[in-house]
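Listing of protein39.tsv; format and content: TSV, C-alpha atoms and all ligand atoms.
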```tsv
chain	number	residue	atom	x	y	z
A	1	MET	CA	0.00	0.00	0.00
A	2	THR	CA	1.28	3.42	-0.79
A	3	LYS	CA	-1.48	5.77	0.30
A	4	PRO	CA	-2.26	6.30	3.97
A	5	ILE	CA	-5.31	4.93	5.80
A	6	LEU	CA	-7.75	7.51	7.14
A	7	ILE	CA	-8.75	6.98	10.76
A	8	VAL	CA	-11.64	9.05	12.09
A	9	GLY	CA	-11.54	9.54	15.86
A	10	GLY	CA	-8.64	9.44	18.29
A	11	GLY	CA	-10.13	7.44	21.17
A	12	PRO	CA	-8.92	3.99	22.30
A	13	ALA	CA	-10.13	2.32	19.06
A	14	GLY	CA	-8.56	4.90	16.72
A	15	LEU	CA	-5.31	4.97	18.70
A	16	ALA	CA	-5.10	1.17	18.53
A	17	ALA	CA	-5.77	1.14	14.77
A	18	ALA	CA	-3.12	3.82	14.12
A	19	HIS	CA	-0.59	2.00	16.28
A	20	SER	CA	-1.25	-1.33	14.56
A	21	LEU	CA	-0.81	0.15	11.12
A	22	GLY	CA	2.32	1.99	12.22
A	23	THR	CA	3.98	-1.17	13.55
A	24	VAL	CA	4.03	-2.65	10.03
A	25	GLY	CA	5.13	0.62	8.45
A	26	GLN	CA	1.72	1.51	7.05
A	27	SER	CA	1.06	5.26	7.20
A	28	SER	CA	-2.21	6.63	8.52
A	29	ILE	CA	-3.87	9.98	9.04
A	30	LEU	CA	-5.85	10.30	12.24
A	31	VAL	CA	-8.54	12.98	12.10
A	32	GLU	CA	-9.99	13.98	15.49
A	33	LYS	CA	-12.66	16.66	15.91
A	34	GLU	CA	-11.55	17.76	19.38
A	35	ASP	CA	-8.28	19.54	20.10
A	36	LYS	CA	-6.66	16.51	21.73
A	37	LEU	CA	-6.53	12.74	21.40
A	38	GLY	CA	-7.68	10.11	23.89
A	39	GLY	CA	-11.42	9.86	23.33
A	40	ALA	CA	-13.93	9.62	26.16
A	41	PRO	CA	-11.49	8.42	28.87
A	42	ILE	CA	-9.31	11.52	28.40
A	43	LEU	CA	-11.84	14.09	27.15
A	44	SER	CA	-14.27	13.23	29.97
A	45	GLY	CA	-11.55	12.86	32.63
A	46	TYR	CA	-12.17	9.25	33.71
A	47	ALA	CA	-10.41	8.18	36.90
A	48	LYS	CA	-9.20	4.60	37.49
A	49	LEU	CA	-10.26	2.28	34.71
A	50	VAL	CA	-12.12	-0.98	34.94
A	51	PRO	CA	-10.75	-3.66	35.07
A	52	THR	CA	-7.06	-2.76	35.47
A	53	GLY	CA	-7.32	-0.02	38.08
A	54	GLU	CA	-4.88	2.09	36.05
A	55	TRP	CA	-5.55	5.82	35.86
A	56	ALA	CA	-7.05	6.74	32.47
A	57	ARG	CA	-4.47	9.50	32.07
A	58	ASP	CA	-1.68	6.91	32.33
A	59	ALA	CA	-3.24	4.03	30.37
A	60	ILE	CA	-4.90	5.94	27.55
A	61	GLY	CA	-2.44	8.84	27.85
A	62	GLY	CA	0.27	6.26	27.10
A	63	MET	CA	-1.56	5.21	23.95
A	64	VAL	CA	-1.79	8.87	22.90
A	65	ARG	CA	1.92	9.46	23.42
A	66	ARG	CA	2.79	6.29	21.48
A	67	VAL	CA	0.75	7.45	18.47
A	68	GLU	CA	1.98	11.04	18.67
A	69	GLY	CA	5.54	9.73	18.60
A	70	ASP	CA	4.96	7.46	15.61
A	71	SER	CA	6.31	8.93	12.37
A	72	ASN	CA	3.88	6.72	10.42
A	73	VAL	CA	0.92	8.56	11.91
A	74	GLN	CA	-0.11	12.09	10.93
A	75	VAL	CA	-2.47	13.54	13.54
A	76	ILE	CA	-4.95	16.25	12.57
A	77	THR	CA	-7.03	17.62	15.45
A	78	GLY	CA	-9.93	20.07	15.41
A	79	ALA	CA	-11.21	18.75	12.08
A	80	ARG	CA	-13.88	16.49	10.60
A	81	VAL	CA	-14.33	14.78	7.28
A	82	ALA	CA	-16.73	16.88	5.21
A	83	LYS	CA	-16.69	14.86	1.98
A	84	PHE	CA	-15.57	11.35	1.12
A	85	ASP	CA	-15.56	9.99	-2.45
A	86	GLY	CA	-13.94	7.24	-4.45
A	87	THR	CA	-13.45	3.53	-4.35
A	88	PRO	CA	-11.32	1.15	-2.25
A	89	GLY	CA	-7.67	1.95	-2.78
A	90	SER	CA	-8.48	5.39	-4.13
A	91	PHE	CA	-10.59	7.58	-1.84
A	92	THR	CA	-10.43	11.36	-1.42
A	93	ALA	CA	-11.40	12.92	1.88
A	94	GLU	CA	-12.03	16.64	2.19
A	95	LEU	CA	-11.72	17.96	5.70
A	96	SER	CA	-13.54	20.83	7.41
A	97	ASN	CA	-10.19	22.66	7.67
A	98	GLY	CA	-9.79	22.66	3.87
A	99	ASP	CA	-7.25	19.79	3.67
A	100	SER	CA	-7.74	17.21	0.97
A	101	LEU	CA	-6.40	13.68	1.58
A	102	ASP	CA	-5.88	10.78	-0.82
A	103	VAL	CA	-6.34	7.58	1.14
A	104	GLU	CA	-6.48	3.84	0.60
A	105	ALA	CA	-9.32	3.08	3.04
A	106	ALA	CA	-11.01	4.53	6.11
A	107	ILE	CA	-11.57	3.23	9.63
A	108	LEU	CA	-14.35	4.95	11.57
A	109	CYS	CA	-13.46	5.05	15.27
A	110	SER	CA	-15.82	7.88	16.08
A	111	GLY	CA	-17.13	6.40	19.31
A	112	PHE	CA	-20.25	7.26	21.28
A	113	THR	CA	-21.92	10.18	23.06
A	114	HIS	CA	-22.59	10.08	26.79
A	115	PHE	CA	-26.31	9.99	27.57
A	116	ASP	CA	-27.49	13.46	28.61
A	117	SER	CA	-29.31	13.00	31.90
A	118	VAL	CA	-31.58	15.98	31.31
A	119	ASN	CA	-33.47	13.52	29.11
A	120	LYS	CA	-34.51	11.71	32.31
A	121	PRO	CA	-35.88	14.78	34.14
A	122	GLU	CA	-37.85	12.89	36.79
A	123	TRP	CA	-34.53	11.69	38.25
A	124	GLY	CA	-33.52	15.19	39.20
A	125	PHE	CA	-30.47	15.96	37.03
A	126	GLY	CA	-30.43	19.59	35.99
A	127	THR	CA	-32.90	20.44	38.78
A	128	PHE	CA	-30.84	19.59	41.87
A	129	GLU	CA	-27.13	20.41	41.97
A	130	ASP	CA	-26.25	17.33	43.96
A	131	VAL	CA	-27.68	14.98	41.33
A	132	VAL	CA	-24.61	14.22	39.22
A	133	THR	CA	-23.43	11.67	36.65
A	134	THR	CA	-20.80	8.94	36.81
A	135	THR	CA	-18.58	11.06	34.56
A	136	GLN	CA	-18.79	13.94	37.06
A	137	VAL	CA	-17.78	11.62	39.91
A	138	GLU	CA	-14.94	10.27	37.74
A	139	GLN	CA	-13.79	13.88	37.25
A	140	MET	CA	-14.02	14.64	40.99
A	141	ILE	CA	-11.74	11.66	41.67
A	142	SER	CA	-9.31	12.18	38.77
A	143	SER	CA	-8.91	15.89	39.58
A	144	GLY	CA	-7.75	14.95	43.09
A	145	ASN	CA	-10.44	17.15	44.67
A	146	GLY	CA	-12.37	14.19	46.07
A	147	VAL	CA	-16.05	13.38	45.97
A	148	ARG	CA	-17.97	16.43	47.17
A	149	CYS	CA	-21.56	17.72	46.88
A	150	PRO	CA	-21.48	20.42	44.16
A	151	SER	CA	-24.03	22.60	46.05
A	152	ASP	CA	-21.80	23.40	49.04
A	153	GLY	CA	-18.63	21.30	48.81
A	154	ARG	CA	-19.45	19.04	51.75
A	155	ALA	CA	-18.37	15.40	51.79
A	156	PRO	CA	-21.54	13.33	51.30
A	157	LYS	CA	-22.64	10.98	54.09
A	158	ARG	CA	-25.10	9.06	51.91
A	159	VAL	CA	-24.75	8.45	48.17
A	160	ALA	CA	-27.22	6.67	45.87
A	161	ILE	CA	-26.03	5.41	42.49
A	162	LEU	CA	-28.92	4.81	40.06
A	163	LEU	CA	-28.09	2.30	37.32
A	164	CYS	CA	-29.35	2.16	33.73
A	165	VAL	CA	-29.82	5.92	33.27
A	166	GLY	CA	-30.32	6.27	29.53
A	167	SER	CA	-30.04	2.53	28.90
A	168	ARG	CA	-32.61	-0.28	28.87
A	169	ASP	CA	-35.33	2.35	28.86
A	170	ARG	CA	-38.00	2.00	26.17
A	171	GLN	CA	-39.81	5.13	27.30
A	172	ILE	CA	-36.92	7.24	26.08
A	173	GLY	CA	-36.07	5.05	23.09
A	174	ARG	CA	-32.95	3.40	24.45
A	175	GLU	CA	-33.33	-0.32	24.15
A	176	TRP	CA	-29.77	-1.33	24.80
A	177	CYS	CA	-27.59	-2.23	27.75
A	178	SER	CA	-24.52	0.01	27.91
A	179	LYS	CA	-22.49	-2.96	29.12
A	180	ILE	CA	-19.92	-1.27	31.34
A	181	CYS	CA	-21.92	0.96	33.72
A	182	CYS	CA	-22.74	-1.72	36.33
A	183	THR	CA	-19.03	-2.49	36.70
A	184	VAL	CA	-18.01	1.18	36.55
A	185	SER	CA	-20.59	1.97	39.26
A	186	SER	CA	-19.41	-0.83	41.56
A	187	ASN	CA	-15.89	0.47	41.08
A	188	LEU	CA	-16.89	4.07	41.82
A	189	ALA	CA	-18.83	2.93	44.89
A	190	MET	CA	-15.66	1.30	46.24
A	191	GLU	CA	-13.62	4.40	45.45
A	192	ILE	CA	-16.12	6.58	47.33
A	193	ARG	CA	-16.04	4.21	50.33
A	194	GLU	CA	-12.26	4.21	50.25
A	195	GLU	CA	-12.05	8.01	50.25
A	196	LEU	CA	-14.97	8.55	52.62
A	197	PRO	CA	-15.23	5.53	54.97
A	198	ASP	CA	-18.18	7.11	56.84
A	199	CYS	CA	-20.21	7.50	53.67
A	200	HIS	CA	-22.94	4.92	52.99
A	201	VAL	CA	-23.20	4.00	49.32
A	202	TYR	CA	-26.30	2.37	47.84
A	203	ILE	CA	-26.66	1.06	44.29
A	204	TYR	CA	-30.21	0.87	42.90
A	205	TYR	CA	-30.50	-1.67	40.10
A	206	MET	CA	-32.86	-3.56	37.78
A	207	ASP	CA	-30.33	-6.36	37.24
A	208	ILE	CA	-26.62	-6.36	37.88
A	209	ARG	CA	-24.55	-6.99	34.77
A	210	THR	CA	-20.98	-7.07	35.99
A	211	PHE	CA	-20.39	-9.42	33.11
A	212	GLY	CA	-17.72	-12.08	32.63
A	213	LEU	CA	-14.95	-12.06	35.21
A	214	TYR	CA	-16.05	-8.74	36.72
A	215	GLU	CA	-18.54	-10.38	39.10
A	216	THR	CA	-16.01	-11.34	41.81
A	217	LYS	CA	-13.80	-8.30	41.46
A	218	TYR	CA	-16.57	-5.71	41.49
A	219	TYR	CA	-20.01	-7.05	42.50
A	220	TRP	CA	-18.98	-9.30	45.37
A	221	ARG	CA	-15.91	-7.36	46.49
A	222	SER	CA	-17.85	-4.10	46.69
A	223	GLN	CA	-20.35	-5.75	49.05
A	224	GLU	CA	-18.09	-7.98	51.11
A	225	GLU	CA	-15.05	-5.73	51.49
A	226	PHE	CA	-16.50	-2.24	50.99
A	227	LYS	CA	-20.01	-2.75	52.40
A	228	VAL	CA	-21.74	-1.19	49.40
A	229	LYS	CA	-25.48	-1.95	49.56
A	230	TYR	CA	-27.39	-3.12	46.49
A	231	ILE	CA	-31.15	-2.59	46.28
A	232	LYS	CA	-33.28	-4.03	43.49
A	233	ALA	CA	-35.73	-1.25	42.77
A	234	ARG	CA	-37.77	0.72	40.30
A	235	ILE	CA	-37.01	4.38	40.85
A	236	ALA	CA	-39.93	6.71	40.24
A	237	GLU	CA	-38.40	10.11	41.00
A	238	VAL	CA	-35.71	12.09	42.76
A	239	THR	CA	-36.97	15.13	44.65
A	240	SER	CA	-35.74	17.27	47.55
A	241	ASP	CA	-37.13	18.18	50.96
A	242	GLY	CA	-35.02	21.32	50.96
A	243	GLU	CA	-32.16	19.67	52.87
A	244	LYS	CA	-31.71	16.21	51.40
A	245	LEU	CA	-32.37	14.60	48.06
A	246	ILE	CA	-35.21	12.09	48.28
A	247	VAL	CA	-35.16	8.94	46.16
A	248	LYS	CA	-38.64	7.50	45.71
A	249	GLY	CA	-39.60	4.21	44.12
A	250	GLU	CA	-40.38	0.60	44.87
A	251	ASP	CA	-38.13	-2.04	46.36
A	252	THR	CA	-39.01	-4.77	43.89
A	253	LEU	CA	-37.79	-7.66	46.06
A	254	VAL	CA	-40.06	-6.91	49.03
A	255	LYS	CA	-42.59	-5.03	46.85
A	256	ARG	CA	-42.74	-2.01	49.16
A	257	PRO	CA	-42.55	1.69	48.34
A	258	ILE	CA	-39.28	3.35	49.34
A	259	THR	CA	-38.56	7.00	50.18
A	260	ILE	CA	-34.92	7.45	51.18
A	261	PRO	CA	-32.86	10.61	51.85
A	262	PHE	CA	-29.42	11.11	50.29
A	263	ASP	CA	-26.77	13.85	50.07
A	264	MET	CA	-25.76	12.95	46.54
A	265	VAL	CA	-27.44	10.97	43.74
A	266	VAL	CA	-25.29	9.65	40.88
A	267	HIS	CA	-26.72	8.74	37.48
A	268	ALA	CA	-24.88	5.80	35.89
A	269	ILE	CA	-25.22	7.21	32.41
A	270	GLY	CA	-25.22	5.02	29.33
A	271	MET	CA	-23.63	5.16	25.92
A	272	ASP	CA	-25.71	6.80	23.18
A	273	PRO	CA	-24.85	6.62	19.48
A	274	ASN	CA	-22.46	9.42	18.53
A	275	VAL	CA	-24.63	12.48	17.82
A	276	ASP	CA	-22.59	12.91	14.62
A	277	ASN	CA	-23.64	9.51	13.25
A	278	PRO	CA	-26.30	10.78	10.81
A	279	ASP	CA	-23.68	13.13	9.29
A	280	ILE	CA	-20.99	10.45	9.33
A	281	ALA	CA	-23.37	7.99	7.61
A	282	ALA	CA	-24.24	10.53	4.92
A	283	THR	CA	-20.63	11.61	4.35
A	284	PHE	CA	-19.21	8.09	4.17
A	285	GLY	CA	-22.25	6.49	2.50
A	286	ILE	CA	-22.63	3.82	5.17
A	287	ASP	CA	-25.60	2.28	6.99
A	288	LEU	CA	-26.49	2.80	10.63
A	289	GLU	CA	-28.22	0.04	12.59
A	290	GLU	CA	-31.69	0.53	14.08
A	291	HIS	CA	-30.53	2.35	17.23
A	292	GLY	CA	-28.26	4.73	15.36
A	293	PHE	CA	-24.85	3.08	15.84
A	294	VAL	CA	-22.70	2.27	12.80
A	295	SER	CA	-23.82	-1.01	11.27
A	296	SER	CA	-21.25	-3.82	11.05
A	297	ALA	CA	-21.77	-5.62	7.78
A	298	ASN	CA	-20.03	-8.88	8.41
A	299	LYS	CA	-19.42	-10.00	11.99
A	300	TYR	CA	-17.49	-13.16	11.17
A	301	GLY	CA	-15.86	-12.91	7.78
A	302	ALA	CA	-14.34	-9.43	7.71
A	303	MET	CA	-13.78	-7.73	11.04
A	304	GLY	CA	-14.95	-4.13	11.04
A	305	ALA	CA	-16.56	-4.12	7.61
A	306	THR	CA	-19.33	-1.58	7.07
A	307	SER	CA	-21.91	-1.48	4.29
A	308	ARG	CA	-19.36	0.31	2.04
A	309	ALA	CA	-16.31	-1.47	0.69
A	310	GLY	CA	-13.10	0.12	1.94
A	311	VAL	CA	-14.76	1.76	4.95
A	312	TYR	CA	-14.29	-0.02	8.27
A	313	VAL	CA	-15.52	0.61	11.80
A	314	ALA	CA	-14.20	-0.17	15.28
A	315	GLY	CA	-15.02	0.46	18.93
A	316	ALA	CA	-18.03	2.15	20.50
A	317	ALA	CA	-19.08	3.54	17.13
A	318	THR	CA	-20.65	0.10	16.62
A	319	GLY	CA	-22.53	0.06	19.95
A	320	PRO	CA	-21.67	0.09	23.66
A	321	GLU	CA	-18.18	-1.34	24.09
A	322	THR	CA	-15.53	-1.53	26.77
A	323	ILE	CA	-12.13	0.04	26.26
A	324	ASP	CA	-10.32	-3.27	25.86
A	325	ASP	CA	-12.85	-4.49	23.27
A	326	SER	CA	-12.64	-1.14	21.45
A	327	ILE	CA	-8.87	-1.49	21.34
A	328	ALA	CA	-9.15	-5.07	20.08
A	329	GLN	CA	-11.54	-3.92	17.37
A	330	GLY	CA	-9.18	-1.11	16.38
A	331	HIS	CA	-6.35	-3.62	15.93
A	332	ALA	CA	-8.67	-6.01	14.07
A	333	ALA	CA	-9.93	-3.33	11.68
A	334	ALA	CA	-6.33	-2.36	10.93
A	335	MET	CA	-5.59	-6.00	10.19
A	336	ALA	CA	-8.68	-6.25	7.97
A	337	VAL	CA	-7.53	-3.21	6.00
A	338	LEU	CA	-4.02	-4.63	5.65
A	339	SER	CA	-5.09	-8.08	4.59
A	340	GLY	CA	-7.73	-6.78	2.22
A	341	LEU	CA	-10.23	-9.04	3.88
A	342	HIS	CA	-13.21	-6.93	3.00
A	343	GLN	CA	-15.73	-8.85	0.98
A	344	PRO	CA	-18.57	-7.33	-1.03
A	345	VAL	CA	-21.37	-6.98	1.47
A	346	GLU	CA	-24.22	-9.42	1.39
A	347	LYS	CA	-27.08	-7.92	3.30
A	348	SER	CA	-29.08	-10.38	5.35
A	349	ALA	CA	-32.77	-10.60	4.52
A	401	LIG	C1	-19.04	6.87	32.65
A	401	LIG	C2	-18.30	5.87	31.81
A	401	LIG	C3	-17.14	5.27	32.34
A	401	LIG	C4	-16.46	4.31	31.60
A	401	LIG	N1	-15.38	3.69	32.16
A	401	LIG	C5	-14.81	2.64	31.51
A	401	LIG	C6	-13.80	1.85	32.13
A	401	LIG	O1	-13.39	2.09	33.27
A	401	LIG	N2	-13.32	0.78	31.43
A	401	LIG	C7	-13.77	0.46	30.18
A	401	LIG	O2	-13.32	-0.55	29.60
A	401	LIG	N3	-14.69	1.22	29.55
A	401	LIG	C8	-15.22	2.30	30.19
A	401	LIG	N4	-16.19	3.04	29.57
A	401	LIG	C9	-16.45	2.81	28.14
A	401	LIG	C10	-15.40	3.61	27.31
A	401	LIG	O3	-15.68	5.00	27.44
A	401	LIG	C11	-15.46	3.18	25.85
A	401	LIG	O4	-15.25	1.78	25.78
A	401	LIG	C12	-14.37	3.84	25.00
A	401	LIG	O5	-14.32	5.23	25.21
A	401	LIG	C13	-14.63	3.54	23.51
A	401	LIG	O6	-13.53	3.99	22.76
A	401	LIG	P1	-13.71	4.50	21.24
A	401	LIG	O7	-12.37	4.89	20.77
A	401	LIG	O8	-14.46	3.50	20.47
A	401	LIG	O9	-14.67	5.77	21.34
A	401	LIG	P2	-14.48	7.23	22.10
A	401	LIG	O10	-13.73	7.05	23.37
A	401	LIG	O11	-15.85	7.76	22.13
A	401	LIG	O12	-13.58	8.02	21.08
A	401	LIG	C14	-14.11	8.51	19.87
A	401	LIG	C15	-13.28	9.68	19.40
A	401	LIG	O13	-13.77	10.10	18.12
A	401	LIG	C16	-13.91	11.51	18.10
A	401	LIG	N5	-14.98	11.85	17.15
A	401	LIG	C17	-16.30	11.65	17.30
A	401	LIG	N6	-16.97	12.08	16.20
A	401	LIG	C18	-16.03	12.53	15.34
A	401	LIG	C19	-16.10	13.12	14.04
A	401	LIG	N7	-17.27	13.29	13.41
A	401	LIG	N8	-14.95	13.47	13.44
A	401	LIG	C20	-13.74	13.32	14.07
A	401	LIG	N9	-13.63	12.79	15.32
A	401	LIG	C21	-14.76	12.39	15.95
A	401	LIG	C22	-14.26	11.85	19.54
A	401	LIG	O14	-13.99	13.22	19.82
A	401	LIG	C23	-13.37	10.89	20.31
A	401	LIG	O15	-12.09	11.42	20.51
A	401	LIG	C24	-16.90	3.98	30.29
A	401	LIG	C25	-18.03	4.60	29.75
A	401	LIG	C26	-18.74	5.52	30.50
A	401	LIG	C27	-19.97	6.13	29.92
A	402	LIG	S1	-24.36	-2.33	32.33
A	402	LIG	FE1	-25.72	-2.33	34.10
A	402	LIG	S2	-26.19	-0.13	34.44
A	402	LIG	FE2	-25.35	-0.32	32.37
A	402	LIG	S3	-27.19	-0.49	31.10
A	402	LIG	FE3	-26.44	-2.61	31.51
A	402	LIG	S4	-27.61	-3.25	33.31
A	402	LIG	FE4	-27.82	-1.02	33.17
```
Do you think you could lay out the structure here as structure tokens?
Amino acid sequence: MTKPILIVGGGPAGLAAAHSLGTVGQSSILVEKEDKLGGAPILSGYAKLVPTGEWARDAIGGMVRRVEGDSNVQVITGARVAKFDGTPGSFTAELSNGDSLDVEAAILCSGFTHFDSVNKPEWGFGTFEDVVTTTQVEQMISSGNGVRCPSDGRAPKRVAILLCVGSRDRQIGREWCSKICCTVSSNLAMEIREELPDCHVYIYYMDIRTFGLYETKYYWRSQEEFKVKYIKARIAEVTSDGEKLIVKGEDTLVKRPITIPFDMVVHAIGMDPNVDNPDIAATFGIDLEEHGFVSSANKYGAMGATSRAGVYVAGAATGPETIDDSIAQGHAAAMAVLSGLHQPVEKSA
């Protein structure tokens, strides 16, 4: 191959794809719309990652530095692809900054958008200052300032974490499990207990999906070692009595209404399709699946294939994914590009 590969998005998936290509001497051009690389873990200031416990700034920051130091990778930040024409082996991409790139193929690593909790108004976000999201708690921890109530800076004595906010919720059109938020929430609960041993942390859940090997390390450990309490419940609303936040709902195990005061309520927000996906689909001439994520055309035969030959996809652009799976998909898509595995797409009936 002589022309570079276009990679859209500099999160874990895009960084992995660029690194993979670079290791075999294949040049790539990584186009990122924000002013720095790293994707959600860096841009949203995640703290310690699941499942390694490494700080995001070290783990993903290391991936950023590796790509930035790779002479095979040209990084363009603050830009998007405005136009994309051609055929496999001979595409032209026009960028929003006026650049025009001749590329062999493209890998879309454009990720997801965090669910905006204002779309779940009955759970108090946007109304009460001390109703926050998991990303805000991640930022409190990663900034070194500790977990504090935004309204007055006090250390909370009672924290409720509400799971499945913006996921598994037909009423707001989100019929998917975001995969990682149960585990992330168990992890955050332990971090809160570690920092504030007097703080009681409750997790309100429909089901717990600390999938695979995460069950022992997060679900059981958080209860047995850190005394985090799990309550199976349907939450109706989050209100305030003027002093405390009040979580109201039904304990679905004992089938009794619950009304419980808290200092802080945390929404475990889910992973929405990237808000840019309609534009990305139109620009690249690819299909989205029914929920709005990028459609994978061939799950088994050609890793990362989309509905357009020569355009590949990896990571959370395809649906909720963990970081390690996004990285694996980035490597796999790079391999698919290199080996020319892409087959003409046969759409299933
Ligand atoms: C609160 C929370 C905590 C999480 N914690 C963990 C954890 O501890 N461990 C774990 O495994 N997973 C975690 N995840 C999941 C993790 O965020 C994703 O797995 C990961 O970010 C996916 O990487 P990605 O590269 O596919 O996408 P992203 O991280 O979303 O990166 C996509 C990149 O593409 C860029 N981009 C988007 N659109 C365009 C465009 N049109 N043009 C150019 N660039 C564009 C974005 O700016 C971004 O830099 C968490 C998720 C949430 C919601
Ligand atoms: S991972 Fe857990 S919190 Fe996240 S959507 Fe799935 S069940 Fe809900």
Q) Skipping near chain neighbours, those fewer than 4 positions away, what residues fall within 9 Å of Leu162 (chain A) using only C-alpha atoms, listed as a PyMOL selection string? A) chain A and resi 185+202-205+235+265-269
Within-6 Å residues of ligand LIG 401 (chain A), basis all atoms listed in the file, as an mmCIF file with C-alpha atoms, keeping the file's coordinate frame:
```
data_model
loop_
_atom_site.group_PDB
_atom_site.id
_atom_site.type_symbol
_atom_site.label_atom_id
_atom_site.label_comp_id
_atom_site.auth_asym_id
_atom_site.auth_seq_id
_atom_site.Cartn_x
_atom_site.Cartn_y
_atom_site.Cartn_z
ATOM 1 C CA VAL A 8 -11.640 9.050 12.090
ATOM 2 C CA GLY A 9 -11.540 9.540 15.860
ATOM 3 C CA GLY A 10 -8.640 9.440 18.290
ATOM 4 C CA GLY A 11 -10.130 7.440 21.170
ATOM 5 C CA PRO A 12 -8.920 3.990 22.300
ATOM 6 C CA ALA A 13 -10.130 2.320 19.060
ATOM 7 C CA GLY A 14 -8.560 4.900 16.720
ATOM 8 C CA VAL A 31 -8.540 12.980 12.100
ATOM 9 C CA GLU A 32 -9.990 13.980 15.490
ATOM 10 C CA LYS A 33 -12.660 16.660 15.910
ATOM 11 C CA GLU A 34 -11.550 17.760 19.380
ATOM 12 C CA LEU A 37 -6.530 12.740 21.400
ATOM 13 C CA GLY A 38 -7.680 10.110 23.890
ATOM 14 C CA GLY A 39 -11.420 9.860 23.330
ATOM 15 C CA ALA A 40 -13.930 9.620 26.160
ATOM 16 C CA PRO A 41 -11.490 8.420 28.870
ATOM 17 C CA LEU A 49 -10.260 2.280 34.710
ATOM 18 C CA VAL A 50 -12.120 -0.980 34.940
ATOM 19 C CA ARG A 80 -13.880 16.490 10.600
ATOM 20 C CA CYS A 109 -13.460 5.050 15.270
ATOM 21 C CA SER A 110 -15.820 7.880 16.080
ATOM 22 C CA GLY A 111 -17.130 6.400 19.310
ATOM 23 C CA PHE A 112 -20.250 7.260 21.280
ATOM 24 C CA HIS A 114 -22.590 10.080 26.790
ATOM 25 C CA THR A 134 -20.800 8.940 36.810
ATOM 26 C CA THR A 135 -18.580 11.060 34.560
ATOM 27 C CA ILE A 180 -19.920 -1.270 31.340
ATOM 28 C CA VAL A 184 -18.010 1.180 36.550
ATOM 29 C CA ILE A 269 -25.220 7.210 32.410
ATOM 30 C CA GLY A 270 -25.220 5.020 29.330
ATOM 31 C CA MET A 271 -23.630 5.160 25.920
ATOM 32 C CA ASP A 276 -22.590 12.910 14.620
ATOM 33 C CA GLY A 315 -15.020 0.460 18.930
ATOM 34 C CA ALA A 316 -18.030 2.150 20.500
ATOM 35 C CA ALA A 317 -19.080 3.540 17.130
ATOM 36 C CA GLU A 321 -18.180 -1.340 24.090
ATOM 37 C CA THR A 322 -15.530 -1.530 26.770
ATOM 38 C CA ILE A 323 -12.130 0.040 26.260
ATOM 39 C CA ASP A 324 -10.320 -3.270 25.860
ATOM 40 C CA SER A 326 -12.640 -1.140 21.450
#
```
_Just want the 9 Å neighbourhood of region 117-120 of chain A, counted on all atoms listed in the file, with same-chain residues fewer than 4 positions away dropped. Output as a PyMOL selection string._
chain A and resi 124-127+132-133+165-166+172+267+269
Those same residues - C-alpha atoms - I'd like them written as a PDB file, keeping the file's coordinate frame.
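Printed below is part_31.pdb as written:
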```pdb
ATOM      1  CA  GLY A 124     -33.520  15.190  39.200  1.00  0.00           C
ATOM      2  CA  PHE A 125     -30.470  15.960  37.030  1.00  0.00           C
ATOM      3  CA  GLY A 126     -30.430  19.590  35.990  1.00  0.00           C
ATOM      4  CA  THR A 127     -32.900  20.440  38.780  1.00  0.00           C
ATOM      5  CA  VAL A 132     -24.610  14.220  39.220  1.00  0.00           C
ATOM      6  CA  THR A 133     -23.430  11.670  36.650  1.00  0.00           C
ATOM      7  CA  VAL A 165     -29.820   5.920  33.270  1.00  0.00           C
ATOM      8  CA  GLY A 166     -30.320   6.270  29.530  1.00  0.00           C
ATOM      9  CA  ILE A 172     -36.920   7.240  26.080  1.00  0.00           C
ATOM     10  CA  HIS A 267     -26.720   8.740  37.480  1.00  0.00           C
ATOM     11  CA  ILE A 269     -25.220   7.210  32.410  1.00  0.00           C
TER      12      ILE A 269
END
```
- Item | All residues 10 Å or closer to Thr252 (chain A), only C-alpha atoms, same chain fewer than 3 positions away omitted, as a list in words | Tyr205, Met206, Ile231, Lys232, Ala233, Arg234, Ile235, Gly249, Lys255, Arg256, Pro257 and Ile258 of chain A
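Between CA of Phe262 (chain A) and CA of Asp198 (chain A) there is a distance of 13.6 Å.
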Using all atoms listed in the file, find each residue of region 188-292 of chain A with at least one atom at most 12 Å away from an atom of region 52-72 of chain A; report its shortest atom-to-atom pair and that distance in Å (one decimal), sort the rows by chain and rising residue number, and return the result as CSV.
```
residue,atom,partner,partner_atom,distance
A:Leu188,CA,A:Gly53,CA,11.1
A:Met190,CA,A:Gly53,CA,11.7
A:Glu191,CA,A:Gly53,CA,10.7
A:Tyr214,CA,A:Thr52,CA,10.9
A:Lys217,CA,A:Thr52,CA,10.6
A:Tyr218,CA,A:Gly53,CA,11.4
```
Contacts to ligand LIG 402 (chain A) at 6 Å cut-off (all atoms listed in the file) as a VMD selection string | chain A and resid 163 to 164 167 to 168 177 to 182 207 to 209
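Separating CA of Asn97 (chain A) from CA of Ala333 (chain A) is a distance of 26.3 Å.
One finds CA of Gly310 (chain A) at 19.1 Å from CA of His19 (chain A).
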Using only C-alpha atoms, the shortest atom-to-atom distance to Ala18 (chain A) among A:Cys149, A:Arg158, A:Leu43, A:Ala106 belongs to A:Ala106
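Excluding Tyr312 (chain A) itself and any same-chain residue fewer than 6 positions from it, the protein and nucleic acid residues within 10 Å of it, counting only C-alpha atoms, are Ile7, Ala105, Ala106, Ile107, Leu108, Cys109, Ile286, Val294, Ser296, Ala297, Ala302, Met303, Gly304, Ala305, Thr306, Gly330, Ala333, Ala334, Ala336, Val337 and His342 of chain A.
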